[in-house]
Amino acid sequence: MTRQDQLQNAKAQQTWDVVIIGGGASGLGIAVDAATRGFSTLLLERADFAKGTSSRSTKLVHGGVRYLAQGDVKLVREALRERGRIAHNAPHLFKSEAFIIPGEQWWTAPYYTLGLTVYDMLAGKLSIGRTQYLNKRQANESLAGVKPTKVKNGVCYYDGQFDDARLAVNLAQTAVDNGATVVNYCGVVGLEKDANGKICGVEAKDMLDGETFDIKAKCVINATGVFTNEINKMDNPQAGDTIVPSQGIHLVIDRKFLPGDSALMVPKTSDGRVLFAVPWHNKLVVGTTDTLVKDAEYEPKPLEQEVDFILATAKDYLVEAPTRDDVLSVYVGLRPLAAPKDESKSTKEVSRSHKVEVNHSGLVDIIGGKWTTYRQMAEDTLDAAIQANLLPARECKTADLRIHGYAPADFNNPLAFYGSDLPKIEALIAQDPALAEKIHPAYPYTMAEIIWGMREEMAQSVEDILARRIRLLFLDARAASESAEKVAQCMAKEQGKDAQWVADQVEHFQILAKQYHF
């Protein structure tokens with residue numbers, strides 16, 4: 001799966017059934033769904049797959065305990081069903097994780113045990129574990145690292161944990177496996193309309209060489225997440241905003257702060273938000289915040305008050321309080337929330353459910369949603385396009401579709417997230433033992449993964465490798481920075497790039513990495 005081949009396919013086709021703008025969770029899910037329904041499908045992403053929001057989640061595949069508390073049973077039921085489907089369809093990326101809610105008052109655990117038992121019941125046969133009440137001793141054993149004064153009892157429930165950017169890459173591969181064409185670093189700079197004002201194609205731009213070209217399409221889908229408003233204004237300059245971006249930050253710290261296998265879930269922090277501390281790739285992800293912001297961007301920056309809030313809450317709960325010096329990486333994502341009709345609403349009141357809108361021009365918008373429900377979002381989007389007579393009726397086939405890399409989970413192997421592709425990476429090392437060398441001495445990633453990322457996963461830059469093909473930038477920004485030169489040299493050798501390309505790549509990555517640590 002090379003970018004050059006995909007780009008040639010994009011230019012060669014006369015007219016596509018479906019053109020998708022955006023290569024995040026929703027866009028990639030739609031590409032898989034459209035291709036498996038038999039539609040000729042093209043996806044265009046102006047940066048790298050999952051460069052934006054879709055690589056910056058809390059790494060949870062969850063039904064949304066908070067939504068249950070708000071009484072949104074329909075959203076919870078849908079998310080729990082989709083959580084089960086991800087577990088079945090991508091077992092190499094999905095881990096069932098025990099979450100412990102500490103009982104700070106005598107009544108806390110019984111109260112949450114009751115609610116979470118309903119949560120389990122809503123999951124039905126797709127349940128991944130049963131909720132259990134924990135007495136004081138059990139709860140403290142499960143939450144080593146949490147202050148005993150916070151743990152008078154507890155409740156253990158189960159939710160999913162995953163690697164978001166790796167699922168995005170695998171979805172791109174799944175789409176291609178089923179006949180779709182997907183191109184990263186290819187943006188949409190204009191929409192083409194017929195004499196009746198209906199959209200009949202897009203103007204695309206190769207972001208690497210600057211070439212522009214026209215693409216004809218029967219159906220164009222705007223799956224750009226926090227950038228939805230931008231595409232809508234191409235369609236109609238007077239269009240109002242359909243999404244509002246909400247910023248969430250996560251701090252990545254050492255596992256020593258919460259050394260057990262369980263994750264910590266604080267259902268109500270000092271400002272009413274939920275806080276998670278979740279084991280991930282042998283680190284601990286702590287977050288998240290929820291702050292409305294004005295502008296959408298690929299690399300949002302953490303606000304001081306967000307960092308202070310997470311560290312203060314962690315200090316309140318953890319025996320050993322992490323400081324800024326302990327933060328290995330801070331990453332920031334923007335959630336594309338459906339714009340509320342009442343602008344006075346807080347982000348906690350804005351619905352996390354998705355909605356599909358077909359504009360007067362025929363442009364199809366998928367708005368809101370979250371990773372857990374990406375597959376359902378895709379199904380709903382294509383069903384809406386069919387309902388609007390943009391496409392012929394065909395049934396969705398993704399409910400039980402195995403995602404590229406499908407293999408039994410092996411979480412003892414730090415590279416198990418490659419699934420069925422792992423033996424192919426090991427074969428690269430067998431052909432060239434030098435590729436067994438580690439990218440960074442403190443982490444398990446090998447040089448073979450750089451080669452694999454370029455040849456099979458369309459990685460074009462040092463950032464693509466270190467941020468999204470392997471997750472080193474998100475796990476340890478300083479280690480990623482130290483690895484940039486090595487990665488650039490390897491990529492240059494593979495792709496025939498010169499010394500100036502190496503220097504430019506390293507400089508770009510070093511500037512980027514500084515935003516991920518203090």
# chains A, B, ... in the order shown; residues from 1 in each chain; ligands from 1
>>> residues_around(residues="Thr289 of chain A", least_positions_apart="6", cutoff="7 Å", atoms="only C-alpha atoms", output="list in words")
Gln247, Gly248, Ile249 and Glu306 of chain A
>>> residues_around(residues="segment 360-368 of chain A", least_positions_apart="6", cutoff="6 Å", atoms="only C-alpha atoms", output="PDB file with all heavy atoms, in the first residue's frame")
ATOM      1  N   LYS A 198     -25.711  21.414  -7.499  1.00  0.00           N
ATOM      2  CA  LYS A 198     -25.449  20.179  -6.762  1.00  0.00           C
ATOM      3  C   LYS A 198     -23.974  19.801  -6.899  1.00  0.00           C
ATOM      4  O   LYS A 198     -23.389  19.921  -7.988  1.00  0.00           O
ATOM      5  CB  LYS A 198     -26.317  19.031  -7.298  1.00  0.00           C
ATOM      6  CG  LYS A 198     -27.816  19.283  -7.200  1.00  0.00           C
ATOM      7  CD  LYS A 198     -28.277  19.438  -5.753  1.00  0.00           C
ATOM      8  CE  LYS A 198     -29.789  19.588  -5.665  1.00  0.00           C
ATOM      9  NZ  LYS A 198     -30.245  19.827  -4.281  1.00  0.00           N
ATOM     10  N   ILE A 199     -23.402  19.321  -5.816  1.00  0.00           N
ATOM     11  CA  ILE A 199     -21.977  18.960  -5.834  1.00  0.00           C
ATOM     12  C   ILE A 199     -21.762  17.738  -6.720  1.00  0.00           C
ATOM     13  O   ILE A 199     -22.465  16.732  -6.597  1.00  0.00           O
ATOM     14  CB  ILE A 199     -21.470  18.707  -4.399  1.00  0.00           C
ATOM     15  CG1 ILE A 199     -21.382  20.041  -3.656  1.00  0.00           C
ATOM     16  CG2 ILE A 199     -20.103  18.023  -4.403  1.00  0.00           C
ATOM     17  CD1 ILE A 199     -20.993  19.939  -2.220  1.00  0.00           C
ATOM     18  N   VAL A 220     -20.292  13.291  -2.155  1.00  0.00           N
ATOM     19  CA  VAL A 220     -19.128  13.819  -1.426  1.00  0.00           C
ATOM     20  C   VAL A 220     -19.496  13.923   0.055  1.00  0.00           C
ATOM     21  O   VAL A 220     -20.537  14.501   0.410  1.00  0.00           O
ATOM     22  CB  VAL A 220     -18.698  15.197  -1.969  1.00  0.00           C
ATOM     23  CG1 VAL A 220     -17.560  15.771  -1.120  1.00  0.00           C
ATOM     24  CG2 VAL A 220     -18.254  15.075  -3.428  1.00  0.00           C
ATOM     25  N   ILE A 221     -18.654  13.345   0.896  1.00  0.00           N
ATOM     26  CA  ILE A 221     -18.922  13.291   2.338  1.00  0.00           C
ATOM     27  C   ILE A 221     -17.870  14.114   3.081  1.00  0.00           C
ATOM     28  O   ILE A 221     -16.662  13.916   2.897  1.00  0.00           O
ATOM     29  CB  ILE A 221     -18.924  11.837   2.841  1.00  0.00           C
ATOM     30  CG1 ILE A 221     -20.076  11.066   2.173  1.00  0.00           C
ATOM     31  CG2 ILE A 221     -19.058  11.790   4.359  1.00  0.00           C
ATOM     32  CD1 ILE A 221     -20.073   9.575   2.443  1.00  0.00           C
ATOM     33  N   ASN A 222     -18.340  15.010   3.912  1.00  0.00           N
ATOM     34  CA  ASN A 222     -17.474  15.851   4.745  1.00  0.00           C
ATOM     35  C   ASN A 222     -17.298  15.176   6.100  1.00  0.00           C
ATOM     36  O   ASN A 222     -18.176  15.230   6.955  1.00  0.00           O
ATOM     37  CB  ASN A 222     -18.117  17.237   4.894  1.00  0.00           C
ATOM     38  CG  ASN A 222     -17.317  18.170   5.794  1.00  0.00           C
ATOM     39  OD1 ASN A 222     -16.202  17.881   6.187  1.00  0.00           O
ATOM     40  ND2 ASN A 222     -17.909  19.317   6.119  1.00  0.00           N
ATOM     41  N   ALA A 223     -16.146  14.513   6.275  1.00  0.00           N
ATOM     42  CA  ALA A 223     -15.850  13.802   7.524  1.00  0.00           C
ATOM     43  C   ALA A 223     -14.591  14.398   8.152  1.00  0.00           C
ATOM     44  O   ALA A 223     -13.678  13.689   8.540  1.00  0.00           O
ATOM     45  CB  ALA A 223     -15.657  12.309   7.250  1.00  0.00           C
ATOM     46  N   PRO A 336     -14.891  17.290  18.132  1.00  0.00           N
ATOM     47  CA  PRO A 336     -15.854  18.012  17.289  1.00  0.00           C
ATOM     48  C   PRO A 336     -17.273  17.858  17.817  1.00  0.00           C
ATOM     49  O   PRO A 336     -18.008  16.962  17.421  1.00  0.00           O
ATOM     50  CB  PRO A 336     -15.689  17.337  15.923  1.00  0.00           C
ATOM     51  CG  PRO A 336     -15.302  15.923  16.263  1.00  0.00           C
ATOM     52  CD  PRO A 336     -14.554  15.961  17.580  1.00  0.00           C
ATOM     53  N   LEU A 337     -17.665  18.724  18.736  1.00  0.00           N
ATOM     54  CA  LEU A 337     -19.000  18.620  19.318  1.00  0.00           C
ATOM     55  C   LEU A 337     -20.022  19.313  18.417  1.00  0.00           C
ATOM     56  O   LEU A 337     -19.746  20.387  17.873  1.00  0.00           O
ATOM     57  CB  LEU A 337     -19.029  19.275  20.698  1.00  0.00           C
ATOM     58  CG  LEU A 337     -18.028  18.751  21.733  1.00  0.00           C
ATOM     59  CD1 LEU A 337     -18.220  19.477  23.049  1.00  0.00           C
ATOM     60  CD2 LEU A 337     -18.160  17.248  21.926  1.00  0.00           C
ATOM     61  N   ALA A 338     -21.178  18.689  18.280  1.00  0.00           N
ATOM     62  CA  ALA A 338     -22.251  19.319  17.515  1.00  0.00           C
ATOM     63  C   ALA A 338     -22.615  20.637  18.189  1.00  0.00           C
ATOM     64  O   ALA A 338     -22.845  20.680  19.397  1.00  0.00           O
ATOM     65  CB  ALA A 338     -23.459  18.391  17.458  1.00  0.00           C
ATOM     66  N   HIS A 354     -23.623  11.490  17.532  1.00  0.00           N
ATOM     67  CA  HIS A 354     -23.326  12.033  16.205  1.00  0.00           C
ATOM     68  C   HIS A 354     -24.621  12.328  15.462  1.00  0.00           C
ATOM     69  O   HIS A 354     -25.681  11.841  15.826  1.00  0.00           O
ATOM     70  CB  HIS A 354     -22.483  11.036  15.409  1.00  0.00           C
ATOM     71  CG  HIS A 354     -23.181   9.731  15.152  1.00  0.00           C
ATOM     72  ND1 HIS A 354     -23.173   8.689  16.061  1.00  0.00           N
ATOM     73  CD2 HIS A 354     -23.937   9.290  14.108  1.00  0.00           C
ATOM     74  CE1 HIS A 354     -23.868   7.680  15.578  1.00  0.00           C
ATOM     75  NE2 HIS A 354     -24.354   8.014  14.395  1.00  0.00           N
TER      76      HIS A 354
END
>>> residues_around(residues="segment 131-138 of chain A", least_positions_apart="3", cutoff="10 Å", atoms="only C-alpha atoms", output="ChimeraX atom specification")
/A:98-103,106,109-120,128,141-143,148,151-158
>>> write_last_selection(atoms="N, CA and C atoms", output="CSV table (one decimal), in the first residue's frame")
chain,number,residue,atom,x,y,z
A,98,ALA,N,-9.9,-3.3,33.5
A,98,ALA,CA,-10.6,-3.1,34.7
A,98,ALA,C,-10.4,-1.7,35.2
A,99,PHE,N,-11.6,-1.0,35.4
A,99,PHE,CA,-11.6,0.4,36.0
A,99,PHE,C,-12.1,0.3,37.4
A,100,ILE,N,-11.4,1.0,38.3
A,100,ILE,CA,-11.8,1.0,39.7
A,100,ILE,C,-12.2,2.4,40.0
A,101,ILE,N,-13.5,2.6,40.5
A,101,ILE,CA,-13.9,3.8,41.1
A,101,ILE,C,-13.7,3.8,42.6
A,102,PRO,N,-12.9,4.6,43.2
A,102,PRO,CA,-12.7,4.6,44.6
A,102,PRO,C,-13.9,5.1,45.4
A,103,GLY,N,-14.2,4.4,46.4
A,103,GLY,CA,-15.3,4.8,47.3
A,103,GLY,C,-14.8,5.8,48.4
A,106,TRP,N,-19.0,6.1,52.4
A,106,TRP,CA,-19.4,4.7,52.6
A,106,TRP,C,-20.4,4.3,51.5
A,109,ALA,N,-19.5,3.4,46.6
A,109,ALA,CA,-19.4,2.1,45.9
A,109,ALA,C,-20.8,1.5,45.6
A,110,PRO,N,-21.6,1.3,46.7
A,110,PRO,CA,-22.9,0.7,46.4
A,110,PRO,C,-23.7,1.5,45.4
A,111,TYR,N,-23.6,2.8,45.4
A,111,TYR,CA,-24.4,3.7,44.5
A,111,TYR,C,-23.9,3.4,43.0
A,112,TYR,N,-22.6,3.4,42.8
A,112,TYR,CA,-22.0,3.2,41.5
A,112,TYR,C,-22.2,1.7,41.0
A,113,THR,N,-22.1,0.8,42.0
A,113,THR,CA,-22.3,-0.6,41.7
A,113,THR,C,-23.7,-0.8,41.0
A,114,LEU,N,-24.7,-0.2,41.6
A,114,LEU,CA,-26.0,-0.3,41.1
A,114,LEU,C,-26.1,0.2,39.6
A,115,GLY,N,-25.6,1.4,39.4
A,115,GLY,CA,-25.6,2.1,38.1
A,115,GLY,C,-24.8,1.3,37.1
A,116,LEU,N,-23.6,0.7,37.5
A,116,LEU,CA,-22.8,0.0,36.5
A,116,LEU,C,-23.3,-1.4,36.2
A,117,THR,N,-24.1,-1.9,37.1
A,117,THR,CA,-24.8,-3.2,36.8
A,117,THR,C,-25.8,-3.0,35.7
A,118,VAL,N,-26.4,-1.8,35.7
A,118,VAL,CA,-27.3,-1.5,34.5
A,118,VAL,C,-26.5,-1.3,33.3
A,119,TYR,N,-25.3,-0.7,33.4
A,119,TYR,CA,-24.3,-0.5,32.3
A,119,TYR,C,-24.0,-1.9,31.7
A,120,ASP,N,-23.7,-2.9,32.5
A,120,ASP,CA,-23.4,-4.2,32.0
A,120,ASP,C,-24.6,-4.9,31.3
A,128,ILE,N,-18.1,-7.3,28.4
A,128,ILE,CA,-16.7,-7.7,28.4
A,128,ILE,C,-16.2,-8.0,29.9
A,141,GLU,N,-6.1,-3.0,47.5
A,141,GLU,CA,-5.2,-3.9,46.8
A,141,GLU,C,-5.2,-3.6,45.3
A,142,SER,N,-6.4,-3.3,44.8
A,142,SER,CA,-6.5,-3.0,43.3
A,142,SER,C,-6.0,-1.7,42.9
A,143,LEU,N,-5.9,-0.8,43.9
A,143,LEU,CA,-5.5,0.6,43.6
A,143,LEU,C,-4.3,1.0,44.3
A,148,PRO,N,-4.9,5.6,50.7
A,148,PRO,CA,-5.9,4.8,51.3
A,148,PRO,C,-7.1,5.6,51.9
A,151,VAL,N,-10.0,5.5,49.7
A,151,VAL,CA,-10.5,4.2,49.2
A,151,VAL,C,-11.2,3.5,50.5
A,152,LYS,N,-12.4,3.9,50.8
A,152,LYS,CA,-13.1,3.2,51.9
A,152,LYS,C,-13.8,2.0,51.4
A,153,ASN,N,-14.0,1.9,50.1
A,153,ASN,CA,-14.5,0.7,49.3
A,153,ASN,C,-14.3,1.1,47.9
A,154,GLY,N,-14.9,0.3,47.0
A,154,GLY,CA,-14.7,0.6,45.6
A,154,GLY,C,-15.6,-0.2,44.7
A,155,VAL,N,-15.6,0.1,43.4
A,155,VAL,CA,-16.4,-0.7,42.5
A,155,VAL,C,-15.5,-0.9,41.2
A,156,CYS,N,-15.5,-2.1,40.7
A,156,CYS,CA,-14.7,-2.5,39.6
A,156,CYS,C,-15.7,-2.8,38.4
A,157,TYR,N,-15.4,-2.1,37.3
A,157,TYR,CA,-16.2,-2.3,36.1
A,157,TYR,C,-15.2,-2.5,34.9
A,158,TYR,N,-15.7,-2.9,33.8
A,158,TYR,CA,-14.8,-3.2,32.6
A,158,TYR,C,-15.2,-2.3,31.4
>>> residues_around(residues="Gly369 of chain A", least_positions_apart="4", cutoff="10 Å", atoms="only C-alpha atoms", output="ChimeraX atom specification")
/A:25-26,225,335-338,351-355,373-374,376-377
>>> closest_residue(among="A:Ala296, A:Ala139, A:Ala407, A:Ile450", to="Ala90 of chain A", atoms="only C-alpha atoms")
A:Ala407
>>> closest_residue(among="A:Leu512, A:Val502, A:Leu167, A:Ala434", to="Glu463 of chain A", atoms="only C-alpha atoms")
A:Leu512
>>> select_by_dssp(residues="segment 314-479 of chain A", states="strand (DSSP E)", output="mmCIF file with all heavy atoms, in the first residue's frame")
data_model
loop_
_atom_site.group_PDB
_atom_site.id
_atom_site.type_symbol
_atom_site.label_atom_id
_atom_site.label_comp_id
_atom_site.auth_asym_id
_atom_site.auth_seq_id
_atom_site.Cartn_x
_atom_site.Cartn_y
_atom_site.Cartn_z
ATOM 1 N N SER A 329 5.030 13.129 28.318
ATOM 2 C CA SER A 329 4.428 13.726 27.126
ATOM 3 C C SER A 329 3.104 14.345 27.520
ATOM 4 O O SER A 329 2.397 13.819 28.382
ATOM 5 C CB SER A 329 4.227 12.671 26.033
ATOM 6 O OG SER A 329 3.731 13.257 24.849
ATOM 7 N N VAL A 330 2.780 15.478 26.905
ATOM 8 C CA VAL A 330 1.452 16.059 27.040
ATOM 9 C C VAL A 330 0.884 16.186 25.635
ATOM 10 O O VAL A 330 1.512 16.765 24.759
ATOM 11 C CB VAL A 330 1.462 17.421 27.782
ATOM 12 C CG1 VAL A 330 2.475 18.386 27.181
ATOM 13 C CG2 VAL A 330 0.071 18.047 27.799
ATOM 14 N N TYR A 331 -0.267 15.570 25.406
ATOM 15 C CA TYR A 331 -0.857 15.691 24.072
ATOM 16 C C TYR A 331 -2.259 16.281 24.181
ATOM 17 O O TYR A 331 -2.950 16.122 25.186
ATOM 18 C CB TYR A 331 -0.848 14.358 23.324
ATOM 19 C CG TYR A 331 -1.706 13.248 23.868
ATOM 20 C CD1 TYR A 331 -3.030 13.108 23.481
ATOM 21 C CD2 TYR A 331 -1.180 12.288 24.739
ATOM 22 C CE1 TYR A 331 -3.811 12.071 23.949
ATOM 23 C CE2 TYR A 331 -1.956 11.243 25.215
ATOM 24 C CZ TYR A 331 -3.273 11.131 24.822
ATOM 25 O OH TYR A 331 -4.047 10.101 25.290
ATOM 26 N N VAL A 332 -2.641 16.984 23.132
ATOM 27 C CA VAL A 332 -3.862 17.779 23.149
ATOM 28 C C VAL A 332 -4.709 17.430 21.933
ATOM 29 O O VAL A 332 -4.195 17.353 20.812
ATOM 30 C CB VAL A 332 -3.536 19.288 23.117
ATOM 31 C CG1 VAL A 332 -4.795 20.119 23.325
ATOM 32 C CG2 VAL A 332 -2.471 19.647 24.154
ATOM 33 N N GLY A 333 -5.989 17.207 22.154
ATOM 34 C CA GLY A 333 -6.902 16.921 21.049
ATOM 35 C C GLY A 333 -8.121 17.816 21.113
ATOM 36 O O GLY A 333 -8.468 18.337 22.178
ATOM 37 N N LEU A 334 -8.766 17.996 19.972
ATOM 38 C CA LEU A 334 -9.998 18.777 19.903
ATOM 39 C C LEU A 334 -11.156 17.854 19.545
ATOM 40 O O LEU A 334 -11.085 17.122 18.560
ATOM 41 C CB LEU A 334 -9.890 19.878 18.843
ATOM 42 C CG LEU A 334 -8.798 20.928 19.052
ATOM 43 C CD1 LEU A 334 -8.811 21.925 17.897
ATOM 44 C CD2 LEU A 334 -8.973 21.658 20.380
ATOM 45 N N ARG A 335 -12.208 17.894 20.353
ATOM 46 C CA ARG A 335 -13.395 17.087 20.048
ATOM 47 C C ARG A 335 -14.354 17.899 19.182
ATOM 48 O O ARG A 335 -14.626 19.068 19.497
ATOM 49 C CB ARG A 335 -14.118 16.690 21.339
ATOM 50 C CG ARG A 335 -13.254 15.971 22.349
ATOM 51 C CD ARG A 335 -14.066 15.708 23.622
ATOM 52 N NE ARG A 335 -13.208 15.271 24.698
ATOM 53 C CZ ARG A 335 -12.577 16.093 25.555
ATOM 54 N NH1 ARG A 335 -12.716 17.396 25.431
ATOM 55 N NH2 ARG A 335 -11.821 15.614 26.513
ATOM 56 N N PRO A 336 -14.891 17.290 18.132
ATOM 57 C CA PRO A 336 -15.854 18.012 17.289
ATOM 58 C C PRO A 336 -17.273 17.858 17.817
ATOM 59 O O PRO A 336 -18.008 16.962 17.421
ATOM 60 C CB PRO A 336 -15.689 17.337 15.923
ATOM 61 C CG PRO A 336 -15.302 15.923 16.263
ATOM 62 C CD PRO A 336 -14.554 15.961 17.580
ATOM 63 N N LEU A 337 -17.665 18.724 18.736
ATOM 64 C CA LEU A 337 -19.000 18.620 19.318
ATOM 65 C C LEU A 337 -20.022 19.313 18.417
ATOM 66 O O LEU A 337 -19.746 20.387 17.873
ATOM 67 C CB LEU A 337 -19.029 19.275 20.698
ATOM 68 C CG LEU A 337 -18.028 18.751 21.733
ATOM 69 C CD1 LEU A 337 -18.220 19.477 23.049
ATOM 70 C CD2 LEU A 337 -18.160 17.248 21.926
ATOM 71 N N ALA A 338 -21.178 18.689 18.280
ATOM 72 C CA ALA A 338 -22.251 19.319 17.515
ATOM 73 C C ALA A 338 -22.615 20.637 18.189
ATOM 74 O O ALA A 338 -22.845 20.680 19.397
ATOM 75 C CB ALA A 338 -23.459 18.391 17.458
ATOM 76 N N LYS A 355 -24.505 13.149 14.438
ATOM 77 C CA LYS A 355 -25.659 13.359 13.559
ATOM 78 C C LYS A 355 -25.157 13.526 12.130
ATOM 79 O O LYS A 355 -24.030 13.965 11.896
ATOM 80 C CB LYS A 355 -26.499 14.550 14.013
ATOM 81 C CG LYS A 355 -25.801 15.887 14.006
ATOM 82 C CD LYS A 355 -26.783 16.976 14.477
ATOM 83 C CE LYS A 355 -26.122 18.351 14.481
ATOM 84 N NZ LYS A 355 -27.043 19.419 14.902
ATOM 85 N N VAL A 356 -26.021 13.139 11.184
ATOM 86 C CA VAL A 356 -25.700 13.233 9.759
ATOM 87 C C VAL A 356 -26.647 14.250 9.133
ATOM 88 O O VAL A 356 -27.857 14.198 9.375
ATOM 89 C CB VAL A 356 -25.853 11.871 9.049
ATOM 90 C CG1 VAL A 356 -25.430 11.985 7.588
ATOM 91 C CG2 VAL A 356 -25.043 10.789 9.762
ATOM 92 N N GLU A 357 -26.090 15.169 8.354
ATOM 93 C CA GLU A 357 -26.911 16.164 7.667
ATOM 94 C C GLU A 357 -26.563 16.161 6.182
ATOM 95 O O GLU A 357 -25.385 16.159 5.824
ATOM 96 C CB GLU A 357 -26.683 17.558 8.253
ATOM 97 C CG GLU A 357 -27.187 17.701 9.688
ATOM 98 C CD GLU A 357 -27.004 19.108 10.238
ATOM 99 O OE1 GLU A 357 -26.338 19.929 9.570
ATOM 100 O OE2 GLU A 357 -27.524 19.373 11.344
ATOM 101 N N VAL A 358 -27.582 16.152 5.332
ATOM 102 C CA VAL A 358 -27.374 16.286 3.886
ATOM 103 C C VAL A 358 -27.771 17.712 3.509
ATOM 104 O O VAL A 358 -28.921 18.108 3.656
ATOM 105 C CB VAL A 358 -28.212 15.262 3.091
ATOM 106 C CG1 VAL A 358 -27.951 15.427 1.595
ATOM 107 C CG2 VAL A 358 -27.882 13.831 3.542
ATOM 108 N N VAL A 364 -22.710 15.776 2.190
ATOM 109 C CA VAL A 364 -23.127 15.018 3.378
ATOM 110 C C VAL A 364 -22.154 15.307 4.520
ATOM 111 O O VAL A 364 -20.944 15.101 4.381
ATOM 112 C CB VAL A 364 -23.158 13.500 3.085
ATOM 113 C CG1 VAL A 364 -23.638 12.731 4.313
ATOM 114 C CG2 VAL A 364 -24.047 13.199 1.884
ATOM 115 N N ASP A 365 -22.673 15.796 5.635
ATOM 116 C CA ASP A 365 -21.855 16.076 6.826
ATOM 117 C C ASP A 365 -22.067 14.992 7.866
ATOM 118 O O ASP A 365 -23.214 14.646 8.182
ATOM 119 C CB ASP A 365 -22.275 17.402 7.474
ATOM 120 C CG ASP A 365 -21.718 18.623 6.773
ATOM 121 O OD1 ASP A 365 -20.814 18.475 5.942
ATOM 122 O OD2 ASP A 365 -22.207 19.737 7.076
ATOM 123 N N ILE A 366 -20.967 14.472 8.428
ATOM 124 C CA ILE A 366 -21.060 13.642 9.628
ATOM 125 C C ILE A 366 -20.459 14.471 10.761
ATOM 126 O O ILE A 366 -19.305 14.887 10.689
ATOM 127 C CB ILE A 366 -20.371 12.266 9.459
ATOM 128 C CG1 ILE A 366 -20.291 11.518 10.805
ATOM 129 C CG2 ILE A 366 -18.990 12.366 8.816
ATOM 130 C CD1 ILE A 366 -21.619 11.116 11.379
ATOM 131 N N ILE A 367 -21.274 14.705 11.778
ATOM 132 C CA ILE A 367 -20.923 15.679 12.814
ATOM 133 C C ILE A 367 -20.893 14.990 14.173
ATOM 134 O O ILE A 367 -21.783 14.212 14.512
ATOM 135 C CB ILE A 367 -21.968 16.827 12.840
ATOM 136 C CG1 ILE A 367 -22.020 17.520 11.470
ATOM 137 C CG2 ILE A 367 -21.663 17.831 13.939
ATOM 138 C CD1 ILE A 367 -23.266 18.356 11.267
#
>>> residues_around(residues="Val266 of chain A", least_positions_apart="2", cutoff="12 Å", atoms="only C-alpha atoms", output="MDAnalysis selection string")
chainID A and resid 65:66 99:104 108:109 112 146 150:151 154:155 263:264 268:278 286:288 310 313:314 316:318
>>> closest_residue(among="A:Leu28, A:Ala480, A:Ala87, A:Leu391", to="His440 of chain A", atoms="only C-alpha atoms")
A:Ala480
>>> closest_residue(among="A:Asp498, A:Glu457, A:Glu426, A:Glu299", to="Gln173 of chain A", atoms="only C-alpha atoms")
A:Glu457
